[in-house]
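Q: The structure under discussion is supplied below as structure tokens; questions concerning it will follow.
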Amino acid sequence: MEQEYTQEKHLKRVLHLYPFDIGEVRLLESRSGRTTWEVDTDQGKKILKQAHMNPKRMLFIAGAHNDLVQKGLAITPIHKTKNGAICIGAEDHAYVVYDHAKGNEMIYYNKEQMKKILDFAGKFHQLSKGYVPAFESKTRSRLNKWHKLFRWKLQELEGNKLLAQTYPDEPFSVLFLEYADKMLERGRTALKELDDGPYEHWIKQSIEDKSYCQQDFTLARFTEVNGEPFMRELHSITYDLPSRDLRIILNKMMKKLSVWDIDFSIQLLREYDACYPLTRDQYRVLWTDLKFPHLFCAIVHKYFLSQKRSWGDEKYIWALQNIIAVEDSKERFLNQFSEITEAIKEGERGEKAEQ
């Protein structure tokens, strides 16, 4: 009780810094170093988020959030304190307040909603350009770090292969070992492709644009308002190529479908390309990132580190089977680069002709 009372007093001190009359405060969620509360105020319901991070890092994210609001992106307004600050720092914690956005649920199995999410992603990446963070901000960048990431994941996959060979009769190990060499080969090919030129060229352009990506385009950040996606919060950002967000979105959607749907992939990328046109070389970089077996590495990593403690062997095996199905069916997509990128651009040209 004393701890709850102390936390309540602390929250009231934080909220007192904002120009609201504060009513009831309700805990919504607490996990992964982030806690959110719903706050009743005289100006409507607000969300107070506490994040376990360097406040200067939160300043980087909150500044981008506010910049996107000012540029007109469909994202909830972020609120400033009475002194004009967009976030509050307290040792190793940071706080931010924004509106409580209400709307309809968005789901991965609704293809029309997913096409709108790719349209939103294109707008997001366009509007991210030119962001100049506050001088005190602690920025984060993954530009020029793909080589290191790919190598690390390949080394871990090789280590897990050796580990699985010591448990040759375990069903997960049997299935993993059946596909491990294929995934390792694809990963090594992707790593070599990073040296071809387009990757480095896009990095230079991204630095000039002062653009960033979100890192994790997940529907948990969205609600649907008036039939369109509306971002409820900006969870995180980093300086990296837009294709990283695209790879994560596409992999996540196809994993939900349990197959790599080429026609749907083209539709999704058409939506994105209409807002944020990519060059042939930039699509090459996206294809390289999609070629790397990120999904396969992730599920194997979780299994051998027992990260999903609530999962039994059957659920792990089902998850691995699903990812193998996606990666196998992705092969045809990866092998039709010219045809698919032409189809994406044909869609754009067709729309312009109709206009």
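Simple scheme: letters A, B, ... for chains in structure tokens order, numbers from 1 for residues in each chain, numbers from 1 for ligands in the order shown.
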Can you list, as a PyMOL selection string, every protein, DNA or RNA residue that comes within 9 Å of range 162-172 of chain A when you count only C-alpha atoms, leaving out same-chain residues fewer than 6 positions away?
A: chain A and resi 303-304+313-314+316-317+320
Q: Compile a residue-level contact table for range 223-262 of chain A against range 92-100 of chain A at a cut-off of 12 Å, reporting for every qualifying residue the shortest atom pair and its distance in Å to one decimal, with only C-alpha atoms counted, rows ordered by chain and ascending number, as CSV.
A:
residue,atom,partner,partner_atom,distance
A:Thr223,CA,A:His100,CA,10.9
A:Phe230,CA,A:His100,CA,11.5
A:Met231,CA,A:His100,CA,10.8
A:Arg232,CA,A:His100,CA,7.6
A:Glu233,CA,A:Tyr98,CA,8.0
A:Leu234,CA,A:Tyr98,CA,10.3
A:His235,CA,A:Val96,CA,11.0
Q: Could you take the residues named above and write them with C-alpha atoms, as an mmCIF file, in the first residue's frame?
A:
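What follows is the written file part_26.cif:
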data_model
loop_
_atom_site.group_PDB
_atom_site.id
_atom_site.type_symbol
_atom_site.label_atom_id
_atom_site.label_comp_id
_atom_site.auth_asym_id
_atom_site.auth_seq_id
_atom_site.Cartn_x
_atom_site.Cartn_y
_atom_site.Cartn_z
ATOM 1 C CA THR A 223 -6.331 2.554 -34.414
ATOM 2 C CA PHE A 230 -4.263 6.801 -36.934
ATOM 3 C CA MET A 231 -1.054 6.360 -34.950
ATOM 4 C CA ARG A 232 -1.702 6.360 -31.221
ATOM 5 C CA GLU A 233 1.918 6.839 -30.198
ATOM 6 C CA LEU A 234 5.432 6.962 -31.579
ATOM 7 C CA HIS A 235 7.041 4.120 -29.681
#
Q: List the neighbours of Gly159 in chain A out to 12 Å using only C-alpha atoms; skip same-chain residues closer than 6 positions along the sequence, and give me the result as a ChimeraX atom specification.
A: /A:152-153,165-166,177,180,184,297,300-301,304
Q: Go ahead and save the residues from that selection, with N, CA, C and O atoms, as a PDB file, in the first residue's frame.
A:
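This is the output file again.pdb:
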ATOM      1  N   TRP A 152      26.227 -11.195 -36.939  1.00  0.00           N
ATOM      2  CA  TRP A 152      25.894 -11.668 -35.587  1.00  0.00           C
ATOM      3  C   TRP A 152      24.797 -12.719 -35.639  1.00  0.00           C
ATOM      4  O   TRP A 152      24.883 -13.757 -34.975  1.00  0.00           O
ATOM      5  N   LYS A 153      23.762 -12.473 -36.450  1.00  0.00           N
ATOM      6  CA  LYS A 153      22.664 -13.431 -36.542  1.00  0.00           C
ATOM      7  C   LYS A 153      23.122 -14.741 -37.182  1.00  0.00           C
ATOM      8  O   LYS A 153      22.691 -15.830 -36.770  1.00  0.00           O
ATOM      9  N   GLN A 165      22.377 -30.178 -32.895  1.00  0.00           N
ATOM     10  CA  GLN A 165      22.975 -31.472 -33.254  1.00  0.00           C
ATOM     11  C   GLN A 165      23.277 -32.332 -32.027  1.00  0.00           C
ATOM     12  O   GLN A 165      23.442 -33.538 -32.148  1.00  0.00           O
ATOM     13  N   THR A 166      23.322 -31.710 -30.861  1.00  0.00           N
ATOM     14  CA  THR A 166      23.514 -32.487 -29.624  1.00  0.00           C
ATOM     15  C   THR A 166      22.193 -33.038 -29.104  1.00  0.00           C
ATOM     16  O   THR A 166      22.186 -33.832 -28.161  1.00  0.00           O
ATOM     17  N   LEU A 177      17.187 -28.392 -38.103  1.00  0.00           N
ATOM     18  CA  LEU A 177      18.365 -28.860 -38.828  1.00  0.00           C
ATOM     19  C   LEU A 177      18.062 -29.153 -40.292  1.00  0.00           C
ATOM     20  O   LEU A 177      18.939 -29.044 -41.151  1.00  0.00           O
ATOM     21  N   ALA A 180      18.296 -25.496 -41.641  1.00  0.00           N
ATOM     22  CA  ALA A 180      19.344 -24.585 -41.169  1.00  0.00           C
ATOM     23  C   ALA A 180      20.343 -24.207 -42.263  1.00  0.00           C
ATOM     24  O   ALA A 180      20.667 -23.025 -42.448  1.00  0.00           O
ATOM     25  N   LEU A 184      21.101 -20.523 -43.692  1.00  0.00           N
ATOM     26  CA  LEU A 184      22.459 -19.972 -43.551  1.00  0.00           C
ATOM     27  C   LEU A 184      22.993 -19.501 -44.901  1.00  0.00           C
ATOM     28  O   LEU A 184      23.599 -18.435 -44.998  1.00  0.00           O
ATOM     29  N   CYS A 297      15.736 -16.878 -37.895  1.00  0.00           N
ATOM     30  CA  CYS A 297      16.699 -16.621 -36.817  1.00  0.00           C
ATOM     31  C   CYS A 297      15.987 -16.293 -35.511  1.00  0.00           C
ATOM     32  O   CYS A 297      16.395 -16.734 -34.432  1.00  0.00           O
ATOM     33  N   VAL A 300      14.277 -19.420 -33.761  1.00  0.00           N
ATOM     34  CA  VAL A 300      15.311 -20.324 -33.235  1.00  0.00           C
ATOM     35  C   VAL A 300      15.975 -19.697 -32.009  1.00  0.00           C
ATOM     36  O   VAL A 300      16.247 -20.369 -31.015  1.00  0.00           O
ATOM     37  N   HIS A 301      16.229 -18.399 -32.077  1.00  0.00           N
ATOM     38  CA  HIS A 301      16.785 -17.659 -30.939  1.00  0.00           C
ATOM     39  C   HIS A 301      15.882 -17.793 -29.716  1.00  0.00           C
ATOM     40  O   HIS A 301      16.351 -18.079 -28.599  1.00  0.00           O
ATOM     41  N   PHE A 304      15.989 -21.593 -28.227  1.00  0.00           N
ATOM     42  CA  PHE A 304      17.182 -22.031 -27.502  1.00  0.00           C
ATOM     43  C   PHE A 304      17.503 -21.157 -26.294  1.00  0.00           C
ATOM     44  O   PHE A 304      18.271 -21.567 -25.427  1.00  0.00           O
TER      45      PHE A 304
END
Q: Could you tell me, as a VMD selection string, which residues of range 39-280 of chain A DSSP assigns to alpha helix (DSSP H) when given the backbone?
A: chain A and resid 55 to 70 111 to 128 146 to 165 171 to 193 198 to 209 242 to 257 262 to 275 280
Q: Which is closest to Lys256 in chain A among A:Gln70, A:Asn160, A:Ser310, A:Asn322, if we use only C-alpha atoms?
A: A:Asn322
Q: For each of A:Ile262, A:Met58, A:Leu305, A:Cys275, take the minimum atom-to-atom distance to His125 in chain A, counting only C-alpha atoms, then give the residue where this is smallest.
A: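 Checking each of A:Ile262, A:Met58, A:Leu305, A:Cys275 against His125 in chain A, counting only C-alpha atoms, the winner is A:Cys275.
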Q: Return the single residue from A:Val225, A:Ile323, A:Leu157, A:Leu278 that is closest to Gln113 in chain A, with distances computed using only C-alpha atoms.
A: A:Val225
Q: Can you pull out the residues contacting range 140-150 of chain A? Cut-off 6 Å, using only C-alpha atoms, and skip same-chain residues under 6 positions away; I want them as a list in words.
A: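 Those residues are Thr238, Tyr239 and Asp240 of chain A.
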Q: With only C-alpha atoms as the basis for distance, which of A:Lys345, A:Lys12, A:His201, A:Leu59 is at the shortest distance from Pro277 in chain A?
A: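 Closest candidate: A:Lys345.
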Q: As a list in words, please: the residues near range 66-69 of chain A (cut-off 9 Å, only C-alpha atoms, same-chain neighbours under 4 positions excluded).
A: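 Using only C-alpha atoms, the neighbours found are Ile61, Ala62, Leu73, Ala74, Ile75, Thr76, Pro77, Ile78, His79, Ile86, Phe124, Leu127, Ser128 and Tyr131 of chain A.
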Q: Would you mind exporting all heavy atoms of the selected residues as a CSV table (one decimal), in the first residue's frame?
A:
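Output (selection.csv):
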chain,number,residue,atom,x,y,z
A,61,ILE,N,12.8,11.0,-29.4
A,61,ILE,CA,11.5,10.4,-29.9
A,61,ILE,C,10.4,11.4,-29.8
A,61,ILE,O,9.6,11.5,-30.8
A,61,ILE,CB,11.2,9.1,-29.1
A,61,ILE,CG1,12.3,8.1,-29.2
A,61,ILE,CG2,9.8,8.5,-29.5
A,61,ILE,CD1,12.2,6.9,-28.2
A,62,ALA,N,10.2,12.0,-28.7
A,62,ALA,CA,9.1,13.0,-28.5
A,62,ALA,C,9.2,14.2,-29.5
A,62,ALA,O,8.2,14.7,-30.0
A,62,ALA,CB,9.1,13.5,-27.0
A,73,LEU,N,0.8,14.6,-40.1
A,73,LEU,CA,0.6,13.1,-40.0
A,73,LEU,C,-0.5,12.8,-39.1
A,73,LEU,O,-0.8,13.5,-38.1
A,73,LEU,CB,1.9,12.4,-39.6
A,73,LEU,CG,1.8,10.9,-39.7
A,73,LEU,CD1,1.9,10.4,-41.2
A,73,LEU,CD2,3.0,10.2,-38.9
A,74,ALA,N,-1.3,11.7,-39.4
A,74,ALA,CA,-2.4,11.3,-38.6
A,74,ALA,C,-1.8,10.6,-37.4
A,74,ALA,O,-1.7,9.4,-37.3
A,74,ALA,CB,-3.3,10.4,-39.4
A,75,ILE,N,-1.4,11.4,-36.4
A,75,ILE,CA,-0.8,10.9,-35.2
A,75,ILE,C,-1.3,11.7,-34.0
A,75,ILE,O,-1.5,12.9,-34.2
A,75,ILE,CB,0.7,10.9,-35.2
A,75,ILE,CG1,1.4,10.3,-34.0
A,75,ILE,CG2,1.3,12.3,-35.5
A,75,ILE,CD1,2.9,10.1,-34.0
A,76,THR,N,-1.6,11.1,-32.9
A,76,THR,CA,-2.1,11.8,-31.7
A,76,THR,C,-1.3,13.0,-31.3
A,76,THR,O,-0.1,12.9,-31.2
A,76,THR,CB,-2.4,10.8,-30.6
A,76,THR,OG1,-3.1,11.5,-29.5
A,76,THR,CG2,-1.1,10.3,-30.1
A,77,PRO,N,-1.9,14.1,-30.9
A,77,PRO,CA,-1.1,15.3,-30.5
A,77,PRO,C,-0.4,15.0,-29.2
A,77,PRO,O,-0.9,14.2,-28.3
A,77,PRO,CB,-2.2,16.3,-30.2
A,77,PRO,CG,-3.3,16.0,-31.1
A,77,PRO,CD,-3.3,14.5,-31.1
A,78,ILE,N,0.9,15.5,-29.1
A,78,ILE,CA,1.7,15.3,-27.9
A,78,ILE,C,1.6,16.6,-27.1
A,78,ILE,O,1.5,17.7,-27.7
A,78,ILE,CB,3.1,15.0,-28.2
A,78,ILE,CG1,3.9,14.5,-27.0
A,78,ILE,CG2,3.8,16.1,-28.9
A,78,ILE,CD1,5.3,13.9,-27.4
A,79,HIS,N,1.5,16.5,-25.8
A,79,HIS,CA,1.3,17.7,-25.0
A,79,HIS,C,2.6,18.2,-24.3
A,79,HIS,O,3.4,17.5,-23.9
A,79,HIS,CB,0.2,17.5,-23.9
A,79,HIS,CG,-1.1,17.3,-24.5
A,79,HIS,ND1,-1.9,18.3,-25.0
A,79,HIS,CD2,-1.9,16.1,-24.7
A,79,HIS,CE1,-3.0,17.8,-25.4
A,79,HIS,NE2,-3.0,16.5,-25.3
A,86,ILE,N,8.4,19.0,-24.1
A,86,ILE,CA,7.6,17.9,-24.7
A,86,ILE,C,7.7,16.6,-24.0
A,86,ILE,O,7.0,15.7,-24.3
A,86,ILE,CB,8.0,17.8,-26.2
A,86,ILE,CG1,9.5,17.5,-26.4
A,86,ILE,CG2,7.5,19.0,-27.0
A,86,ILE,CD1,9.8,17.2,-27.8
A,124,PHE,N,4.7,8.5,-43.6
A,124,PHE,CA,5.6,8.6,-42.4
A,124,PHE,C,7.0,8.8,-42.8
A,124,PHE,O,7.7,9.7,-42.3
A,124,PHE,CB,5.5,7.3,-41.5
A,124,PHE,CG,6.3,7.3,-40.3
A,124,PHE,CD1,5.8,7.6,-39.1
A,124,PHE,CD2,7.7,6.9,-40.4
A,124,PHE,CE1,6.6,7.6,-37.9
A,124,PHE,CE2,8.5,6.8,-39.2
A,124,PHE,CZ,7.9,7.2,-38.0
A,127,LEU,N,7.5,12.3,-44.3
A,127,LEU,CA,7.5,13.4,-43.3
A,127,LEU,C,8.6,13.3,-42.3
A,127,LEU,O,8.8,14.3,-41.6
A,127,LEU,CB,6.1,13.4,-42.6
A,127,LEU,CG,4.9,13.7,-43.5
A,127,LEU,CD1,3.6,13.6,-42.8
A,127,LEU,CD2,5.0,15.1,-44.2
A,128,SER,N,9.3,12.2,-42.3
A,128,SER,CA,10.4,12.1,-41.3
A,128,SER,C,11.6,12.9,-41.8
A,128,SER,O,12.5,13.3,-41.0
A,128,SER,CB,10.8,10.6,-41.1
A,128,SER,OG,11.6,10.2,-42.2
A,131,TYR,N,14.0,16.2,-40.1
A,131,TYR,CA,13.9,16.3,-38.6
A,131,TYR,C,15.2,16.7,-38.0
A,131,TYR,O,16.2,16.0,-38.2
A,131,TYR,CB,13.3,15.0,-38.0
A,131,TYR,CG,13.4,15.0,-36.5
A,131,TYR,CD1,12.9,16.0,-35.7
A,131,TYR,CD2,14.0,13.9,-35.8
A,131,TYR,CE1,12.9,16.0,-34.3
A,131,TYR,CE2,14.0,13.8,-34.5
A,131,TYR,CZ,13.5,14.9,-33.7
A,131,TYR,OH,13.5,14.8,-32.3
Q: Ile207 in chain A: which residues within 10 Å, counting only C-alpha atoms, same-chain residues fewer than 4 positions away excluded, as an MDAnalysis selection string?
A: chainID A and resid 129:130 143 202:203 211:212 239:241
Q: Env of Leu257 in chain A: 12 Å cut, atoms = only C-alpha atoms, seq-sep filter 4 positions within chain, self excluded. Answer as a count of residues only.
A: 18
Q: Ranking A:Ala298, A:Leu191, A:Ile88, A:Asn83 by minimum distance to Arg13 in chain A and counting only C-alpha atoms, which one comes first?
A: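 Under the stated criterion, the closest residue is A:Ile88.
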Q: From a DSSP pass on the backbone, collect the residues of range 63-205 of chain A flagged as strand (DSSP E or B) and hand them back as a list of chain:residue names.
A: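 Taking range 63-205 of chain A and keeping strand (DSSP E or B) gives A:Ile75, A:Ile78, A:Ile88, A:Gly89, A:Ala90, A:His93, A:Ala94, A:Tyr95, A:Val96, A:Val97, A:Tyr98, A:Asp99, A:Asn104, A:Ser141.
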Q: From the options A:Ser243, A:Gln267, A:Thr81, A:Ser258, which residue's atoms come nearest to Leu17 in chain A, counting only C-alpha atoms?
A: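 Selected residue with least distance to Leu17 in chain A: A:Thr81.
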